[in-house]
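Participant: Just upload-v4.csv, nothing more (CSV, N, CA and C atoms):
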chain,number,residue,atom,x,y,z
A,420,MET,N,-39.3,-101.3,-150.0
A,420,MET,CA,-38.6,-101.3,-151.3
A,420,MET,C,-38.5,-99.9,-151.9
A,421,SER,N,-39.5,-99.1,-151.8
A,421,SER,CA,-39.5,-97.8,-152.3
A,421,SER,C,-38.4,-96.9,-151.7
A,422,SER,N,-38.3,-97.1,-150.4
A,422,SER,CA,-37.2,-96.4,-149.6
A,422,SER,C,-35.8,-96.8,-150.1
A,423,GLU,N,-35.7,-98.1,-150.4
A,423,GLU,CA,-34.4,-98.6,-150.8
A,423,GLU,C,-34.1,-98.0,-152.2
A,424,SER,N,-35.1,-98.1,-153.1
A,424,SER,CA,-34.8,-97.6,-154.5
A,424,SER,C,-34.6,-96.1,-154.5
A,425,GLU,N,-35.3,-95.3,-153.6
A,425,GLU,CA,-35.0,-93.9,-153.5
A,425,GLU,C,-33.6,-93.6,-153.0
A,426,SER,N,-33.2,-94.4,-152.1
A,426,SER,CA,-31.8,-94.3,-151.6
A,426,SER,C,-30.8,-94.6,-152.6
A,427,ILE,N,-31.0,-95.6,-153.4
A,427,ILE,CA,-30.1,-95.9,-154.5
A,427,ILE,C,-30.1,-94.8,-155.6
A,428,LEU,N,-31.3,-94.3,-155.9
A,428,LEU,CA,-31.4,-93.2,-156.8
A,428,LEU,C,-30.7,-91.9,-156.3
A,429,GLU,N,-30.8,-91.7,-155.0
A,429,GLU,CA,-30.1,-90.5,-154.4
A,429,GLU,C,-28.6,-90.7,-154.5
A,430,GLN,N,-28.1,-91.9,-154.2
A,430,GLN,CA,-26.7,-92.2,-154.3
A,430,GLN,C,-26.2,-92.1,-155.7
A,431,ILE,N,-27.0,-92.5,-156.7
A,431,ILE,CA,-26.6,-92.4,-158.1
A,431,ILE,C,-26.5,-90.9,-158.5
A,432,GLN,N,-27.5,-90.1,-158.0
A,432,GLN,CA,-27.5,-88.6,-158.3
A,432,GLN,C,-26.3,-88.0,-157.6
A,433,LEU,N,-26.0,-88.3,-156.4
A,433,LEU,CA,-24.8,-87.8,-155.7
A,433,LEU,C,-23.5,-88.1,-156.4
A,434,ALA,N,-23.4,-89.4,-156.9
A,434,ALA,CA,-22.2,-89.8,-157.6
A,434,ALA,C,-22.1,-89.0,-158.9
A,435,ASN,N,-23.2,-88.9,-159.6
A,435,ASN,CA,-23.2,-88.1,-160.9
A,435,ASN,C,-22.8,-86.7,-160.7
A,436,ASP,N,-23.3,-86.1,-159.6
A,436,ASP,CA,-23.0,-84.7,-159.3
A,436,ASP,C,-21.5,-84.5,-159.0
A,437,PHE,N,-21.0,-85.5,-158.2
A,437,PHE,CA,-19.6,-85.4,-157.8
A,437,PHE,C,-18.7,-85.6,-159.1
A,438,ILE,N,-19.1,-86.5,-160.0
A,438,ILE,CA,-18.3,-86.8,-161.2
A,438,ILE,C,-18.3,-85.5,-162.1
A,439,GLU,N,-19.5,-84.9,-162.2
A,439,GLU,CA,-19.6,-83.7,-163.0
A,439,GLU,C,-18.7,-82.6,-162.4
A,440,THR,N,-18.7,-82.4,-161.1
A,440,THR,CA,-17.9,-81.4,-160.4
A,440,THR,C,-16.4,-81.7,-160.7
A,441,CYS,N,-16.0,-82.9,-160.5
A,441,CYS,CA,-14.6,-83.3,-160.7
A,441,CYS,C,-14.2,-83.1,-162.2
A,442,LEU,N,-15.1,-83.4,-163.1
A,442,LEU,CA,-14.7,-83.2,-164.5
A,442,LEU,C,-14.5,-81.7,-164.8
A,443,PHE,N,-15.4,-80.9,-164.3
A,443,PHE,CA,-15.2,-79.4,-164.5
A,443,PHE,C,-13.9,-79.0,-163.9
A,444,ARG,N,-13.6,-79.5,-162.7
A,444,ARG,CA,-12.3,-79.1,-162.1
A,444,ARG,C,-11.1,-79.6,-162.9
A,445,VAL,N,-11.2,-80.8,-163.4
A,445,VAL,CA,-10.1,-81.3,-164.2
A,445,VAL,C,-9.9,-80.4,-165.5
A,446,GLU,N,-11.0,-80.0,-166.1
A,446,GLU,CA,-10.9,-79.2,-167.3
A,446,GLU,C,-10.2,-77.8,-166.9
A,447,THR,N,-10.6,-77.3,-165.8
A,447,THR,CA,-10.1,-76.0,-165.4
A,447,THR,C,-8.6,-76.1,-165.1
A,448,ILE,N,-8.2,-77.2,-164.4
A,448,ILE,CA,-6.7,-77.4,-164.1
A,448,ILE,C,-6.0,-77.6,-165.4
A,449,GLU,N,-6.5,-78.4,-166.3
A,449,GLU,CA,-5.8,-78.7,-167.6
A,449,GLU,C,-5.6,-77.4,-168.4
A,450,LYS,N,-6.6,-76.5,-168.4
A,450,LYS,CA,-6.4,-75.2,-169.0
A,450,LYS,C,-5.3,-74.4,-168.4
A,451,ARG,N,-5.3,-74.4,-167.1
A,451,ARG,CA,-4.2,-73.6,-166.3
A,451,ARG,C,-2.9,-74.2,-166.6
A,452,LEU,N,-2.8,-75.5,-166.7
A,452,LEU,CA,-1.5,-76.2,-167.0
A,452,LEU,C,-1.0,-75.9,-168.4
A,453,LYS,N,-1.9,-75.6,-169.3
A,453,LYS,CA,-1.4,-75.2,-170.6
A,453,LYS,C,-0.9,-73.8,-170.7
A,454,SER,N,-1.2,-73.0,-169.7
A,454,SER,CA,-0.7,-71.6,-169.6
A,454,SER,C,0.8,-71.6,-169.4
A,455,GLN,N,1.5,-70.7,-170.0
A,455,GLN,CA,2.9,-70.6,-169.9
A,455,GLN,C,3.3,-69.8,-168.7
A,456,GLU,N,2.4,-69.1,-168.1
A,456,GLU,CA,2.7,-68.1,-167.0
A,456,GLU,C,2.7,-68.7,-165.6
A,457,LEU,N,2.7,-70.0,-165.5
A,457,LEU,CA,2.6,-70.7,-164.2
A,457,LEU,C,4.1,-70.9,-163.6
A,458,LEU,N,4.2,-70.6,-162.4
A,458,LEU,CA,5.4,-71.0,-161.7
A,458,LEU,C,5.5,-72.5,-161.6
A,459,GLN,N,6.8,-73.0,-161.5
A,459,GLN,CA,7.0,-74.4,-161.4
A,459,GLN,C,6.3,-75.0,-160.2
A,460,THR,N,6.3,-74.3,-159.0
A,460,THR,CA,5.7,-74.8,-157.8
A,460,THR,C,4.1,-74.9,-158.0
A,461,ASP,N,3.6,-73.9,-158.7
A,461,ASP,CA,2.1,-73.9,-158.9
A,461,ASP,C,1.8,-75.1,-159.9
A,462,ARG,N,2.6,-75.3,-160.9
A,462,ARG,CA,2.4,-76.3,-161.9
A,462,ARG,C,2.4,-77.7,-161.2
A,463,GLU,N,3.4,-77.9,-160.3
A,463,GLU,CA,3.5,-79.2,-159.6
A,463,GLU,C,2.3,-79.4,-158.7
A,464,GLU,N,1.8,-78.3,-158.1
A,464,GLU,CA,0.6,-78.4,-157.2
A,464,GLU,C,-0.6,-78.8,-158.0
A,465,TYR,N,-0.8,-78.2,-159.2
A,465,TYR,CA,-1.9,-78.5,-160.1
A,465,TYR,C,-1.8,-79.9,-160.6
A,466,GLU,N,-0.6,-80.4,-160.9
A,466,GLU,CA,-0.5,-81.7,-161.4
A,466,GLU,C,-0.8,-82.7,-160.3
A,467,LYS,N,-0.4,-82.5,-159.1
A,467,LYS,CA,-0.8,-83.4,-157.9
A,467,LYS,C,-2.3,-83.4,-157.8
A,468,GLU,N,-2.9,-82.2,-157.8
A,468,GLU,CA,-4.4,-82.1,-157.7
A,468,GLU,C,-5.1,-82.9,-158.8
A,469,LEU,N,-4.5,-82.7,-160.0
A,469,LEU,CA,-5.1,-83.4,-161.2
A,469,LEU,C,-5.0,-84.9,-161.0
A,470,ASP,N,-3.9,-85.4,-160.5
A,470,ASP,CA,-3.8,-86.9,-160.2
A,470,ASP,C,-4.8,-87.3,-159.2
A,471,THR,N,-5.0,-86.6,-158.2
A,471,THR,CA,-5.9,-86.9,-157.1
A,471,THR,C,-7.3,-86.9,-157.7
A,472,LEU,N,-7.7,-85.9,-158.4
A,472,LEU,CA,-9.0,-85.8,-159.0
A,472,LEU,C,-9.3,-87.0,-160.0
A,473,ARG,N,-8.3,-87.4,-160.7
A,473,ARG,CA,-8.5,-88.5,-161.7
A,473,ARG,C,-8.7,-89.8,-160.9
A,474,GLN,N,-8.0,-90.0,-159.8
A,474,GLN,CA,-8.2,-91.2,-158.9
A,474,GLN,C,-9.6,-91.2,-158.3
A,475,GLN,N,-10.1,-90.0,-157.9
A,475,GLN,CA,-11.4,-89.9,-157.3
A,475,GLN,C,-12.5,-90.2,-158.4
A,476,LEU,N,-12.2,-89.7,-159.6
A,476,LEU,CA,-13.1,-89.9,-160.7
A,476,LEU,C,-13.3,-91.4,-161.0
A,477,ALA,N,-12.1,-92.1,-161.0
A,477,ALA,CA,-12.2,-93.6,-161.3
A,477,ALA,C,-12.9,-94.3,-160.2
A,478,GLU,N,-12.7,-93.9,-158.9
A,478,GLU,CA,-13.4,-94.6,-157.8
A,478,GLU,C,-14.9,-94.3,-157.9
A,479,SER,N,-15.3,-93.0,-158.2
A,479,SER,CA,-16.7,-92.7,-158.3
A,479,SER,C,-17.4,-93.4,-159.5
A,480,GLN,N,-16.7,-93.6,-160.6
A,480,GLN,CA,-17.3,-94.3,-161.7
A,480,GLN,C,-17.5,-95.8,-161.4
A,481,ASN,N,-16.6,-96.3,-160.6
A,481,ASN,CA,-16.7,-97.7,-160.1
A,481,ASN,C,-18.0,-97.8,-159.2
A,482,VAL,N,-18.1,-96.9,-158.3
A,482,VAL,CA,-19.3,-96.8,-157.4
A,482,VAL,C,-20.6,-96.7,-158.2
A,483,LEU,N,-20.5,-95.9,-159.2
A,483,LEU,CA,-21.7,-95.7,-160.1
A,483,LEU,C,-22.1,-97.0,-160.8
A,484,ARG,N,-21.1,-97.7,-161.3
A,484,ARG,CA,-21.3,-99.0,-162.0
A,484,ARG,C,-22.0,-100.0,-161.0
A,485,SER,N,-21.5,-100.0,-159.8
A,485,SER,CA,-22.0,-100.9,-158.8
A,485,SER,C,-23.4,-100.6,-158.4
A,486,LEU,N,-23.8,-99.3,-158.4
A,486,LEU,CA,-25.1,-98.9,-158.1
A,486,LEU,C,-26.1,-99.2,-159.3
A,487,TYR,N,-25.6,-99.2,-160.5
A,487,TYR,CA,-26.5,-99.5,-161.6
A,487,TYR,C,-26.7,-101.0,-161.8
A,488,GLN,N,-25.8,-101.8,-161.2
A,488,GLN,CA,-25.9,-103.3,-161.4
A,488,GLN,C,-27.2,-103.9,-161.0
A,489,PRO,N,-27.8,-103.5,-159.8
A,489,PRO,CA,-29.1,-104.1,-159.5
A,489,PRO,C,-30.2,-103.7,-160.5
A,490,ASN,N,-30.1,-102.5,-161.1
A,490,ASN,CA,-31.1,-102.1,-162.1
A,490,ASN,C,-31.0,-102.9,-163.3
A,491,ARG,N,-29.8,-103.3,-163.7
A,491,ARG,CA,-29.6,-104.2,-164.9
A,491,ARG,C,-30.2,-105.5,-164.6
A,492,GLN,N,-30.0,-106.1,-163.4
A,492,GLN,CA,-30.5,-107.4,-163.1
A,492,GLN,C,-32.0,-107.4,-163.1
A,493,SER,N,-32.6,-106.4,-162.6
A,493,SER,CA,-34.1,-106.3,-162.6
A,493,SER,C,-34.6,-106.2,-164.0
A,494,PHE,N,-33.9,-105.4,-164.9
A,494,PHE,CA,-34.3,-105.3,-166.3
A,494,PHE,C,-34.2,-106.6,-167.0
A,495,TYR,N,-33.2,-107.4,-166.8
A,495,TYR,CA,-33.0,-108.7,-167.4
A,495,TYR,C,-34.1,-109.6,-167.0
A,496,LEU,N,-34.4,-109.6,-165.7
A,496,LEU,CA,-35.4,-110.5,-165.2
A,496,LEU,C,-36.8,-110.1,-165.8
A,497,ALA,N,-37.1,-108.8,-165.9
A,497,ALA,CA,-38.4,-108.4,-166.4
A,497,ALA,C,-38.4,-108.8,-167.9
A,498,ALA,N,-37.3,-108.7,-168.6
A,498,ALA,CA,-37.3,-109.0,-170.1
A,498,ALA,C,-37.5,-110.5,-170.2
A,499,ILE,N,-36.9,-111.3,-169.4
A,499,ILE,CA,-37.1,-112.8,-169.5
A,499,ILE,C,-38.6,-113.2,-169.2
A,500,ILE,N,-39.2,-112.6,-168.2
A,500,ILE,CA,-40.6,-112.8,-167.9
A,500,ILE,C,-41.5,-112.4,-169.0
A,501,LEU,N,-41.2,-111.3,-169.6
A,501,LEU,CA,-42.0,-110.8,-170.8
A,501,LEU,C,-41.9,-111.8,-171.9
A,502,LEU,N,-40.7,-112.2,-172.2
A,502,LEU,CA,-40.5,-113.2,-173.3
A,502,LEU,C,-41.2,-114.5,-173.1
A,503,MET,N,-41.2,-114.9,-171.8
A,503,MET,CA,-41.9,-116.1,-171.4
A,503,MET,C,-43.4,-116.0,-171.7
A,504,PHE,N,-44.0,-114.8,-171.3
A,504,PHE,CA,-45.4,-114.6,-171.5
A,504,PHE,C,-45.7,-114.5,-173.0
A,505,ILE,N,-44.8,-113.9,-173.8
A,505,ILE,CA,-45.0,-113.9,-175.3
A,505,ILE,C,-45.0,-115.3,-175.9
A,506,ALA,N,-44.1,-116.1,-175.4
A,506,ALA,CA,-44.0,-117.5,-175.9
A,506,ALA,C,-45.2,-118.3,-175.5
A,507,VAL,N,-45.7,-118.1,-174.3
A,507,VAL,CA,-46.9,-118.8,-173.9
A,507,VAL,C,-48.1,-118.3,-174.7
A,508,TYR,N,-48.2,-117.1,-174.9
A,508,TYR,CA,-49.3,-116.5,-175.7
A,508,TYR,C,-49.3,-117.0,-177.2
A,509,ALA,N,-48.1,-117.1,-177.7
A,509,ALA,CA,-47.9,-117.5,-179.1
A,509,ALA,C,-48.3,-119.0,-179.2
A,510,VAL,N,-48.1,-119.8,-178.2
A,510,VAL,CA,-48.4,-121.2,-178.3
A,510,VAL,C,-50.0,-121.4,-178.2
A,511,LEU,N,-50.6,-120.5,-177.4
A,511,LEU,CA,-52.1,-120.6,-177.3
A,511,LEU,C,-52.7,-120.1,-178.5
What's the structure tokens form of this structure?
Facilitator:
Amino acid sequence: MSSESESILEQIQLANDFIETCLFRVETIEKRLKSQELLQTDREEYEKELDTLRQQLAESQNVLRSLYQPNRQSFYLAAIILLMFIAVYAVL
């Protein structure tokens, strides 16, 4: 179980790092696209790269959501069990 949770945590960290890198690159490209000194071919190339990065970001965010899903389910289960113990204690 520990190995599996470490693996999930590593995957979450990798996904977060990739998203952070992509966001930085998107900001850089957007700044360059605002520049008036770009050639049309360079501008088109940056726009293509920007589209690709946005698609990769969307995919990575979906992967991240799917990695967090088991953690949410575990939290809900723990909360339900805790509430059951509190209810039993209150009755006694």
Participant: Measure the distance from atom C of A:Gln475 to atom CA of A:Tyr495 in Å and round it to one decimal.
Facilitator: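 These atoms are spaced 29.0 Å apart.
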Participant: Neighbouring residues of A:Leu476 were defined as those with any atom within 8 Å, considering only N, CA and C atoms; residues of the same chain fewer than 6 positions away were excluded. Please report them as a PyMOL selection string.
Facilitator: chain A and resi 437-438+441-442+470+482
Participant: Taking all atoms listed in the file into account, which of A:Glu449, A:Leu472, A:Arg462, A:Tyr487 comes nearest A:Ile427?
Facilitator: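 Checking each candidate against A:Ile427, we get A:Tyr487 as the closest.
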Participant: If I take atom CA of A:Leu483 and atom CA of A:Ile431, how far is one from the other in Å, to one decimal?
Facilitator: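 So the answer is 6.2 Å.
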Participant: How far is it from atom C of A:Ala477 to atom C of A:Ala434, in Å with one decimal?
Facilitator: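 So the two atoms, atom C of A:Ala477 and atom C of A:Ala434, lie 10.7 Å apart.
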